[in-house]
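For reference, the structure is listed below as structure tokens.
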Amino acid sequence: MKKIFNTSKLFILFLVLSVSGCSDYIELENKNDIPLKGFYNSESELNYALSGCYSTLRAPIAYEWMLSEIRSDNTFMNLTATTVPQNLQIYSNDIFEAPAFDSFIESYWGTTYQSIRSINALLEGLKTSYNPNSGAIEYGPFTITMTEAERKRIAGEASFMRAYHYFNLVRLYGGVFLIDKVVTSEESLRIPRSTVADIYKFILADLKNASENCISAKYGNTTDAQKAVQGKATVWAAKALLAKVYLTLGQKADALQLLTDVIGNSGHSILTGATGYANVFSSTNEMNAEIVFAIRFKSGALGYGSSLSNLFATNNTSVASQTKLAQPVGTRGSYNNPTAELYNSYATNDIRRDYSIKVYKPTATSLSSTWTYWAAKHNIATTVANDSELDWPVLRYSDVLLMYCEAVGANNPTTLGYLNQVHTRAGLTALTSANVNTQALYEKAVADERRWEFALENQRWFDLLRFSTTMPTINAKAVMNNHFAVMQPFYAQYDGAYTTAQLQQKTADPKFDLLPIPNSEIVTNTINPIQQNPGY
């Protein structure tokens, strides 16, 4: 296990929010030398451990938006008067200037590797191992009394979670530490950074294991067994995530085969009607037909609630009142504000715009004449601080449909039909072949639809980076250069303001592509020196 982050570095708001969802597991994971011999003795203990692994997925979400969505053209931190160092760290990340000692980058890293350690412990208990030569997850001799199918089902779900983490890590940090088993602190110091190619090979092995062994029942099966698996990784979730990995690697044909299977056989579907989009995210309609995989949260002062409603809600009561933003109890952050660019990119009758974004329009007596945009998609009133009920969607069926369009890469009756399933659900007139009759128009239509559909879901930054491989007429650096030109007057309100040219120069800097390996990893590893990412 690599070095766990030092929580004393964290701003108190984020400290409270990040641990609120899984404090029991974080306390456990800080003990770096857990003996596994005799730890798992029964099927019930293995299932209990699996539930614990799902619980550890919650902690990184408090930081993920700072490393993904806010780096894109979708959101920014609207706190120009702030002098709080941690707030300025978020701003620095927004303009690709994050330092290697950024506490939030380190915290995402730390909580993710804590979760990986729990998953590795479970997979060791199941007597599985990763064979880097064959690129496969292998099963060894096993003595616990349970069916082989159940053993592999648990291992498949654990593999899905580990792959999910490593997919995020490799896209954010590049080559990271490939840790496929529980290691001691001393052993961890001898583990070098793996190559990006080796990390992806590991991810593919885990997701193939998951797609072969997780539960494959169609969504909509109302048996008790199917209800029990809702919220857990299924074959369909594994295949959808594996397809996204293949797209990222430029293997469109491999992705297309999986996406065709999910569309045809999973039982998942789009929620239709005027309230269909809102119903996807409703706290009273969780794990609906459109949710392929989500990280579950539970309110009720149990320690399992989400912090994001507090993080994203405005701390200005007049703004909340005018925009009808629900107000969670406790400290509210005013972070991750949608940009005017994002708001204005929607058609005025696109129902996703007003559901996802609320606009504060100053009155004649207001001190400011500037419209302000607030994240509403993850906003809900709470009676306990940092205790939102809202789940975090990781994979949705609309994502599968739009990935299919991306994988095919051209207009045909099938891709236009899938594109329109998402487009018309938003209240918009169906696109015709004339709207997408060139490669550039087709790719723009798919990219725009993804932006509008998944705004504020931490997808946009990863999409922009991937499009350079799958839809090359959409260029991430060109998109961000335009973003900086639009946003320069806002950034000019900070001390040491940048000109538009200086901001646009940042897209050519190595910091644009990857975050830094946390400085704590660099300075504490005296046995095996760790190379920092370029530019840091």
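Every chain in the structure tokens has a letter given in the order shown (A, B, ...), and although residue numbers restart at 1 in each chain, ligands are simply numbered from 1 in the order shown.
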> When DSSP works through the backbone of this structure, what residues of range 253-498 of chain A end up as helix (DSSP H, G or I), shown as number ranges by chain?
Replying inline: A: 253-265, 276-281, 308-312, 317-323, 340-345, 351-356, 397-408, 413-425, 433-436, 439-453, 460-470, 476-491
Find the nearest atom pair between each residue of range 442-519 of chain A and range 401-410 of chain A for residues within 7 Å, count only C-alpha atoms, give distances in Å to one decimal, sort rows by chain and ascending number, and present the table as JSON lines.
{"residue": "A:Tyr442", "atom": "CA", "partner": "A:Ala410", "partner_atom": "CA", "distance": 6.7}
{"residue": "A:Val446", "atom": "CA", "partner": "A:Leu402", "partner_atom": "CA", "distance": 6.8}
{"residue": "A:Thr470", "atom": "CA", "partner": "A:Glu406", "partner_atom": "CA", "distance": 6.8}
Those same residues, written as a PDB file, in the first residue's frame with N, CA and C atoms?
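Written file, again_9.pdb:
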ATOM      1  N   TYR A 442     -21.159  15.294 -37.636  1.00  0.00           N
ATOM      2  CA  TYR A 442     -21.539  14.104 -36.871  1.00  0.00           C
ATOM      3  C   TYR A 442     -20.793  14.070 -35.537  1.00  0.00           C
ATOM      4  N   VAL A 446     -22.364  14.255 -31.618  1.00  0.00           N
ATOM      5  CA  VAL A 446     -22.141  13.268 -30.560  1.00  0.00           C
ATOM      6  C   VAL A 446     -21.469  13.916 -29.353  1.00  0.00           C
ATOM      7  N   THR A 470     -10.936   9.005 -30.788  1.00  0.00           N
ATOM      8  CA  THR A 470     -12.139   8.439 -31.404  1.00  0.00           C
ATOM      9  C   THR A 470     -12.831   9.385 -32.375  1.00  0.00           C
TER      10      THR A 470
END
>> With distances taken over only C-alpha atoms, which residue among A:Ala62, A:Met77, A:Ala205, A:Leu126 lies nearest Thr147 in chain A?
In response: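 Closest residue, counting only C-alpha atoms: A:Leu126.
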> For the atom pair CA of Ser129 in chain A and CA of Met161 in chain A, what is the interatomic distance in Å to one decimal place?
Replying inline: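 Separation between CA of Ser129 in chain A and CA of Met161 in chain A: 15.3 Å.
Excluding Phe177 in chain A itself and any same-chain residue fewer than 6 positions from it, the protein and nucleic acid residues within 7 Å of it, counting only C-alpha atoms, are Ile191, Pro192, Arg193 and Ser194 of chain A.
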>> Just want the 9 Å neighbourhood of Lys244 in chain A, counted on only C-alpha atoms, with same-chain residues fewer than 3 positions away dropped. Output as a ChimeraX atom specification.
In response: /A:239-241,247-249,255,400,403
Include all heavy atoms and write out the residues we just selected as an mmCIF file, in the first residue's frame.
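Once everything was written out, this is out_31.cif:
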data_model
loop_
_atom_site.group_PDB
_atom_site.id
_atom_site.type_symbol
_atom_site.label_atom_id
_atom_site.label_comp_id
_atom_site.auth_asym_id
_atom_site.auth_seq_id
_atom_site.Cartn_x
_atom_site.Cartn_y
_atom_site.Cartn_z
ATOM 1 N N LYS A 239 -19.227 -4.824 -19.005
ATOM 2 C CA LYS A 239 -19.059 -4.688 -20.455
ATOM 3 C C LYS A 239 -19.116 -3.227 -20.893
ATOM 4 O O LYS A 239 -18.387 -2.816 -21.808
ATOM 5 C CB LYS A 239 -20.118 -5.517 -21.183
ATOM 6 C CG LYS A 239 -19.883 -7.026 -21.048
ATOM 7 C CD LYS A 239 -20.885 -7.848 -21.851
ATOM 8 C CE LYS A 239 -20.529 -9.339 -21.767
ATOM 9 N NZ LYS A 239 -21.433 -10.187 -22.566
ATOM 10 N N ALA A 240 -19.962 -2.432 -20.249
ATOM 11 C CA ALA A 240 -20.038 -1.007 -20.595
ATOM 12 C C ALA A 240 -18.742 -0.292 -20.230
ATOM 13 O O ALA A 240 -18.232 0.533 -21.005
ATOM 14 C CB ALA A 240 -21.228 -0.362 -19.882
ATOM 15 N N LEU A 241 -18.205 -0.596 -19.050
ATOM 16 C CA LEU A 241 -16.944 0.041 -18.660
ATOM 17 C C LEU A 241 -15.802 -0.453 -19.533
ATOM 18 O O LEU A 241 -14.931 0.339 -19.934
ATOM 19 C CB LEU A 241 -16.654 -0.228 -17.185
ATOM 20 C CG LEU A 241 -15.438 0.520 -16.601
ATOM 21 C CD1 LEU A 241 -15.603 2.028 -16.737
ATOM 22 C CD2 LEU A 241 -15.227 0.137 -15.134
ATOM 23 N N LEU A 247 -12.604 2.205 -26.094
ATOM 24 C CA LEU A 247 -12.684 3.467 -26.834
ATOM 25 C C LEU A 247 -11.483 4.347 -26.515
ATOM 26 O O LEU A 247 -10.892 4.962 -27.406
ATOM 27 C CB LEU A 247 -13.981 4.206 -26.496
ATOM 28 C CG LEU A 247 -15.258 3.753 -27.182
ATOM 29 C CD1 LEU A 247 -16.434 4.574 -26.694
ATOM 30 C CD2 LEU A 247 -15.133 3.867 -28.704
ATOM 31 N N THR A 248 -11.133 4.424 -25.243
ATOM 32 C CA THR A 248 -9.997 5.246 -24.825
ATOM 33 C C THR A 248 -8.710 4.768 -25.485
ATOM 34 O O THR A 248 -7.826 5.576 -25.817
ATOM 35 C CB THR A 248 -9.861 5.202 -23.294
ATOM 36 O OG1 THR A 248 -11.092 5.651 -22.697
ATOM 37 C CG2 THR A 248 -8.728 6.093 -22.807
ATOM 38 N N LEU A 249 -8.605 3.470 -25.701
ATOM 39 C CA LEU A 249 -7.426 2.889 -26.340
ATOM 40 C C LEU A 249 -7.519 2.913 -27.868
ATOM 41 O O LEU A 249 -6.588 2.471 -28.552
ATOM 42 C CB LEU A 249 -7.243 1.446 -25.867
ATOM 43 C CG LEU A 249 -6.921 1.267 -24.378
ATOM 44 C CD1 LEU A 249 -6.919 -0.212 -24.010
ATOM 45 C CD2 LEU A 249 -5.573 1.902 -24.033
ATOM 46 N N ALA A 255 -14.943 -2.257 -28.701
ATOM 47 C CA ALA A 255 -15.965 -1.534 -27.938
ATOM 48 C C ALA A 255 -17.351 -1.777 -28.523
ATOM 49 O O ALA A 255 -18.327 -2.011 -27.796
ATOM 50 C CB ALA A 255 -15.644 -0.042 -27.921
ATOM 51 N N VAL A 400 -24.137 4.386 -22.796
ATOM 52 C CA VAL A 400 -23.932 3.237 -23.686
ATOM 53 C C VAL A 400 -24.352 3.586 -25.110
ATOM 54 O O VAL A 400 -23.638 3.300 -26.085
ATOM 55 C CB VAL A 400 -24.711 2.014 -23.163
ATOM 56 C CG1 VAL A 400 -24.648 0.859 -24.166
ATOM 57 C CG2 VAL A 400 -24.174 1.575 -21.805
ATOM 58 N N MET A 403 -21.843 6.056 -26.568
ATOM 59 C CA MET A 403 -20.573 5.384 -26.864
ATOM 60 C C MET A 403 -20.688 4.568 -28.148
ATOM 61 O O MET A 403 -19.726 4.484 -28.926
ATOM 62 C CB MET A 403 -20.152 4.490 -25.698
ATOM 63 C CG MET A 403 -19.514 5.221 -24.538
ATOM 64 S SD MET A 403 -18.629 4.100 -23.414
ATOM 65 C CE MET A 403 -19.986 3.242 -22.603
#
>> For range 472-474 of chain A, find every residue with an atom within 8 Å (counting only C-alpha atoms), except residues of its own chain fewer than 3 positions away, and show them as a ChimeraX atom specification.
In response: /A:439-440,443-444,447,464,467-469,479
Keeping only all heavy atoms, write the selected residues as a PDB file, in the first residue's frame.
ATOM      1  N   GLN A 439     -18.414  14.516 -41.541  1.00  0.00           N
ATOM      2  CA  GLN A 439     -17.773  13.903 -40.380  1.00  0.00           C
ATOM      3  C   GLN A 439     -17.705  14.880 -39.225  1.00  0.00           C
ATOM      4  O   GLN A 439     -17.962  14.515 -38.069  1.00  0.00           O
ATOM      5  CB  GLN A 439     -16.367  13.419 -40.748  1.00  0.00           C
ATOM      6  CG  GLN A 439     -15.735  12.487 -39.730  1.00  0.00           C
ATOM      7  CD  GLN A 439     -16.476  11.167 -39.604  1.00  0.00           C
ATOM      8  OE1 GLN A 439     -17.114  10.715 -40.558  1.00  0.00           O
ATOM      9  NE2 GLN A 439     -16.426  10.557 -38.432  1.00  0.00           N
ATOM     10  N   ALA A 440     -17.371  16.127 -39.521  1.00  0.00           N
ATOM     11  CA  ALA A 440     -17.255  17.132 -38.461  1.00  0.00           C
ATOM     12  C   ALA A 440     -18.596  17.390 -37.785  1.00  0.00           C
ATOM     13  O   ALA A 440     -18.673  17.510 -36.554  1.00  0.00           O
ATOM     14  CB  ALA A 440     -16.684  18.431 -39.028  1.00  0.00           C
ATOM     15  N   GLU A 443     -19.496  14.270 -35.573  1.00  0.00           N
ATOM     16  CA  GLU A 443     -18.709  14.200 -34.341  1.00  0.00           C
ATOM     17  C   GLU A 443     -19.089  15.326 -33.385  1.00  0.00           C
ATOM     18  O   GLU A 443     -19.130  15.119 -32.161  1.00  0.00           O
ATOM     19  CB  GLU A 443     -17.218  14.239 -34.686  1.00  0.00           C
ATOM     20  CG  GLU A 443     -16.774  12.963 -35.397  1.00  0.00           C
ATOM     21  CD  GLU A 443     -15.292  12.930 -35.739  1.00  0.00           C
ATOM     22  OE1 GLU A 443     -14.573  13.909 -35.419  1.00  0.00           O
ATOM     23  OE2 GLU A 443     -14.838  11.916 -36.323  1.00  0.00           O
ATOM     24  N   LYS A 444     -19.396  16.492 -33.897  1.00  0.00           N
ATOM     25  CA  LYS A 444     -19.845  17.588 -33.032  1.00  0.00           C
ATOM     26  C   LYS A 444     -21.179  17.238 -32.383  1.00  0.00           C
ATOM     27  O   LYS A 444     -21.396  17.517 -31.192  1.00  0.00           O
ATOM     28  CB  LYS A 444     -19.975  18.893 -33.817  1.00  0.00           C
ATOM     29  CG  LYS A 444     -20.355  20.100 -32.952  1.00  0.00           C
ATOM     30  CD  LYS A 444     -20.418  21.370 -33.777  1.00  0.00           C
ATOM     31  CE  LYS A 444     -20.645  22.588 -32.867  1.00  0.00           C
ATOM     32  NZ  LYS A 444     -21.865  22.497 -32.049  1.00  0.00           N
ATOM     33  N   ALA A 447     -20.456  14.735 -29.595  1.00  0.00           N
ATOM     34  CA  ALA A 447     -19.737  15.392 -28.496  1.00  0.00           C
ATOM     35  C   ALA A 447     -20.655  16.338 -27.730  1.00  0.00           C
ATOM     36  O   ALA A 447     -20.633  16.386 -26.487  1.00  0.00           O
ATOM     37  CB  ALA A 447     -18.524  16.147 -29.040  1.00  0.00           C
ATOM     38  N   LEU A 464     -13.215  14.765 -23.527  1.00  0.00           N
ATOM     39  CA  LEU A 464     -12.386  15.622 -24.381  1.00  0.00           C
ATOM     40  C   LEU A 464     -11.055  14.953 -24.701  1.00  0.00           C
ATOM     41  O   LEU A 464     -10.583  14.992 -25.847  1.00  0.00           O
ATOM     42  CB  LEU A 464     -12.158  16.972 -23.703  1.00  0.00           C
ATOM     43  CG  LEU A 464     -13.349  17.928 -23.658  1.00  0.00           C
ATOM     44  CD1 LEU A 464     -13.002  19.172 -22.851  1.00  0.00           C
ATOM     45  CD2 LEU A 464     -13.805  18.321 -25.065  1.00  0.00           C
ATOM     46  N   PHE A 467     -11.689  12.009 -27.186  1.00  0.00           N
ATOM     47  CA  PHE A 467     -12.130  12.359 -28.536  1.00  0.00           C
ATOM     48  C   PHE A 467     -10.960  12.513 -29.506  1.00  0.00           C
ATOM     49  O   PHE A 467     -11.128  12.318 -30.714  1.00  0.00           O
ATOM     50  CB  PHE A 467     -12.944  13.653 -28.511  1.00  0.00           C
ATOM     51  CG  PHE A 467     -14.297  13.533 -27.857  1.00  0.00           C
ATOM     52  CD1 PHE A 467     -14.948  14.665 -27.380  1.00  0.00           C
ATOM     53  CD2 PHE A 467     -14.922  12.303 -27.708  1.00  0.00           C
ATOM     54  CE1 PHE A 467     -16.189  14.569 -26.768  1.00  0.00           C
ATOM     55  CE2 PHE A 467     -16.165  12.197 -27.107  1.00  0.00           C
ATOM     56  CZ  PHE A 467     -16.802  13.338 -26.636  1.00  0.00           C
ATOM     57  N   SER A 468      -9.786  12.867 -29.006  1.00  0.00           N
ATOM     58  CA  SER A 468      -8.636  12.998 -29.907  1.00  0.00           C
ATOM     59  C   SER A 468      -8.317  11.665 -30.578  1.00  0.00           C
ATOM     60  O   SER A 468      -7.723  11.634 -31.660  1.00  0.00           O
ATOM     61  CB  SER A 468      -7.411  13.514 -29.144  1.00  0.00           C
ATOM     62  OG  SER A 468      -7.010  12.571 -28.157  1.00  0.00           O
ATOM     63  N   THR A 469      -8.739  10.572 -29.957  1.00  0.00           N
ATOM     64  CA  THR A 469      -8.537   9.229 -30.520  1.00  0.00           C
ATOM     65  C   THR A 469      -9.743   8.760 -31.314  1.00  0.00           C
ATOM     66  O   THR A 469      -9.600   8.197 -32.411  1.00  0.00           O
ATOM     67  CB  THR A 469      -8.258   8.217 -29.389  1.00  0.00           C
ATOM     68  OG1 THR A 469      -7.082   8.608 -28.688  1.00  0.00           O
ATOM     69  CG2 THR A 469      -8.090   6.812 -29.936  1.00  0.00           C
ATOM     70  N   VAL A 479     -10.680  23.212 -27.733  1.00  0.00           N
ATOM     71  CA  VAL A 479     -11.847  23.488 -26.884  1.00  0.00           C
ATOM     72  C   VAL A 479     -11.436  24.318 -25.679  1.00  0.00           C
ATOM     73  O   VAL A 479     -12.095  25.311 -25.316  1.00  0.00           O
ATOM     74  CB  VAL A 479     -12.513  22.172 -26.438  1.00  0.00           C
ATOM     75  CG1 VAL A 479     -13.548  22.424 -25.350  1.00  0.00           C
ATOM     76  CG2 VAL A 479     -13.162  21.467 -27.623  1.00  0.00           C
TER      77      VAL A 479
END
> Contacts of Phe281 in chain A at 8 Å or less, counting only C-alpha atoms, minus same-chain residues fewer than 2 places along, as a PyMOL selection string?
Replying inline: chain A and resi 277-279+283+285-286+377+390-391
Written selection (N, CA and C atoms) as a JSON list (two decimals), in the first residue's frame:
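Saved result, again05.json, follows:
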[["chain", "number", "residue", "atom", "x", "y", "z"],
["A", 277, "TYR", "N", -35.69, 12.68, -17.69],
["A", 277, "TYR", "CA", -34.32, 13.02, -17.31],
["A", 277, "TYR", "C", -34.21, 13.25, -15.82],
["A", 278, "ALA", "N", -35.13, 14.00, -15.26],
["A", 278, "ALA", "CA", -35.11, 14.26, -13.81],
["A", 278, "ALA", "C", -35.27, 12.97, -13.01],
["A", 279, "ASN", "N", -36.09, 12.07, -13.52],
["A", 279, "ASN", "CA", -36.33, 10.81, -12.80],
["A", 279, "ASN", "C", -35.09, 9.92, -12.72],
["A", 283, "SER", "N", -33.99, 10.82, -5.89],
["A", 283, "SER", "CA", -33.66, 10.00, -4.72],
["A", 283, "SER", "C", -34.76, 9.00, -4.40],
["A", 285, "ASN", "N", -36.19, 7.28, -6.89],
["A", 285, "ASN", "CA", -36.23, 6.39, -8.05],
["A", 285, "ASN", "C", -34.84, 5.81, -8.32],
["A", 286, "GLU", "N", -34.15, 5.44, -7.25],
["A", 286, "GLU", "CA", -32.77, 4.99, -7.37],
["A", 286, "GLU", "C", -32.68, 3.64, -8.10],
["A", 377, "LYS", "N", -27.91, 19.64, -10.36],
["A", 377, "LYS", "CA", -28.18, 18.23, -10.61],
["A", 377, "LYS", "C", -27.99, 17.37, -9.37],
["A", 390, "LEU", "N", -28.53, 11.22, -2.54],
["A", 390, "LEU", "CA", -28.34, 11.04, -3.98],
["A", 390, "LEU", "C", -27.16, 10.13, -4.30],
["A", 391, "ASP", "N", -27.42, 9.11, -5.10],
["A", 391, "ASP", "CA", -26.36, 8.24, -5.58],
["A", 391, "ASP", "C", -25.52, 8.97, -6.62]]
> So which residues touch range 520-535 of chain A within 7 Å, counting only C-alpha atoms, skipping near sequence neighbours fewer than 2 positions away, as a ChimeraX atom specification?
Replying inline: /A:3,189-190,192,510-511,516-518
Save the residues we just selected, N, CA, C and O atoms, as a JSON list (two decimals), in the first residue's frame?
[["chain", "number", "residue", "atom", "x", "y", "z"],
["A", 3, "LYS", "N", 1.80, 5.24, 0.49],
["A", 3, "LYS", "CA", 1.63, 6.08, 1.67],
["A", 3, "LYS", "C", 0.23, 6.70, 1.72],
["A", 3, "LYS", "O", -0.23, 7.29, 0.76],
["A", 189, "LEU", "N", 7.40, 0.39, -0.75],
["A", 189, "LEU", "CA", 8.49, 1.29, -1.13],
["A", 189, "LEU", "C", 9.34, 0.72, -2.26],
["A", 189, "LEU", "O", 10.12, 1.45, -2.87],
["A", 190, "ARG", "N", 9.18, -0.55, -2.54],
["A", 190, "ARG", "CA", 9.96, -1.18, -3.61],
["A", 190, "ARG", "C", 9.16, -1.34, -4.90],
["A", 190, "ARG", "O", 9.66, -1.94, -5.87],
["A", 192, "PRO", "N", 7.77, 0.14, -8.21],
["A", 192, "PRO", "CA", 7.97, 1.28, -9.10],
["A", 192, "PRO", "C", 6.66, 1.66, -9.80],
["A", 192, "PRO", "O", 5.68, 0.91, -9.76],
["A", 510, "PRO", "N", 2.91, 20.33, -20.35],
["A", 510, "PRO", "CA", 2.66, 18.93, -19.94],
["A", 510, "PRO", "C", 1.65, 18.79, -18.82],
["A", 510, "PRO", "O", 1.01, 17.74, -18.70],
["A", 511, "LYS", "N", 1.47, 19.85, -18.02],
["A", 511, "LYS", "CA", 0.49, 19.79, -16.94],
["A", 511, "LYS", "C", -0.94, 19.65, -17.45],
["A", 511, "LYS", "O", -1.84, 19.27, -16.70],
["A", 516, "PRO", "N", -0.03, 15.78, -11.13],
["A", 516, "PRO", "CA", 1.24, 15.32, -10.55],
["A", 516, "PRO", "C", 1.05, 14.08, -9.69],
["A", 516, "PRO", "O", 0.00, 13.89, -9.07],
["A", 517, "ILE", "N", 2.05, 13.22, -9.67],
["A", 517, "ILE", "CA", 2.09, 12.20, -8.64],
["A", 517, "ILE", "C", 2.21, 12.94, -7.31],
["A", 517, "ILE", "O", 3.05, 13.84, -7.17],
["A", 518, "PRO", "N", 1.38, 12.64, -6.31],
["A", 518, "PRO", "CA", 1.44, 13.40, -5.05],
["A", 518, "PRO", "C", 2.85, 13.48, -4.49],
["A", 518, "PRO", "O", 3.60, 12.50, -4.49]]
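Backbone DSSP over range 29-191 of chain A yields strand (DSSP E or B) at Thr75, Phe76, Thr128, Ser129, Tyr130, Asn131, Ala136, Ile137, Glu138 and Tyr139 of chain A.
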Those residues you just picked out, can you put them in a file as an mmCIF file, in the first residue's frame with N, CA and C atoms?
data_model
loop_
_atom_site.group_PDB
_atom_site.id
_atom_site.type_symbol
_atom_site.label_atom_id
_atom_site.label_comp_id
_atom_site.auth_asym_id
_atom_site.auth_seq_id
_atom_site.Cartn_x
_atom_site.Cartn_y
_atom_site.Cartn_z
ATOM 1 N N THR A 75 -17.165 23.621 -15.799
ATOM 2 C CA THR A 75 -17.319 24.237 -14.478
ATOM 3 C C THR A 75 -16.063 25.000 -14.075
ATOM 4 N N PHE A 76 -16.205 25.808 -13.036
ATOM 5 C CA PHE A 76 -15.095 26.557 -12.468
ATOM 6 C C PHE A 76 -15.439 26.873 -11.021
ATOM 7 N N THR A 128 -7.430 -15.448 -5.746
ATOM 8 C CA THR A 128 -7.209 -15.046 -7.130
ATOM 9 C C THR A 128 -5.881 -14.302 -7.221
ATOM 10 N N SER A 129 -5.348 -14.229 -8.417
ATOM 11 C CA SER A 129 -4.109 -13.481 -8.640
ATOM 12 C C SER A 129 -4.082 -12.985 -10.077
ATOM 13 N N TYR A 130 -3.316 -11.934 -10.286
ATOM 14 C CA TYR A 130 -3.154 -11.382 -11.631
ATOM 15 C C TYR A 130 -1.878 -11.931 -12.237
ATOM 16 N N ASN A 131 -1.986 -12.510 -13.431
ATOM 17 C CA ASN A 131 -0.830 -13.018 -14.158
ATOM 18 C C ASN A 131 -0.467 -12.017 -15.252
ATOM 19 N N ALA A 136 -4.324 -12.051 -17.373
ATOM 20 C CA ALA A 136 -5.595 -12.627 -16.925
ATOM 21 C C ALA A 136 -5.624 -12.735 -15.406
ATOM 22 N N ILE A 137 -6.837 -12.752 -14.865
ATOM 23 C CA ILE A 137 -7.043 -13.043 -13.447
ATOM 24 C C ILE A 137 -7.178 -14.553 -13.319
ATOM 25 N N GLU A 138 -6.355 -15.142 -12.474
ATOM 26 C CA GLU A 138 -6.336 -16.590 -12.319
ATOM 27 C C GLU A 138 -6.864 -16.991 -10.946
ATOM 28 N N TYR A 139 -7.449 -18.177 -10.882
ATOM 29 C CA TYR A 139 -8.053 -18.695 -9.660
ATOM 30 C C TYR A 139 -7.223 -19.876 -9.151
#
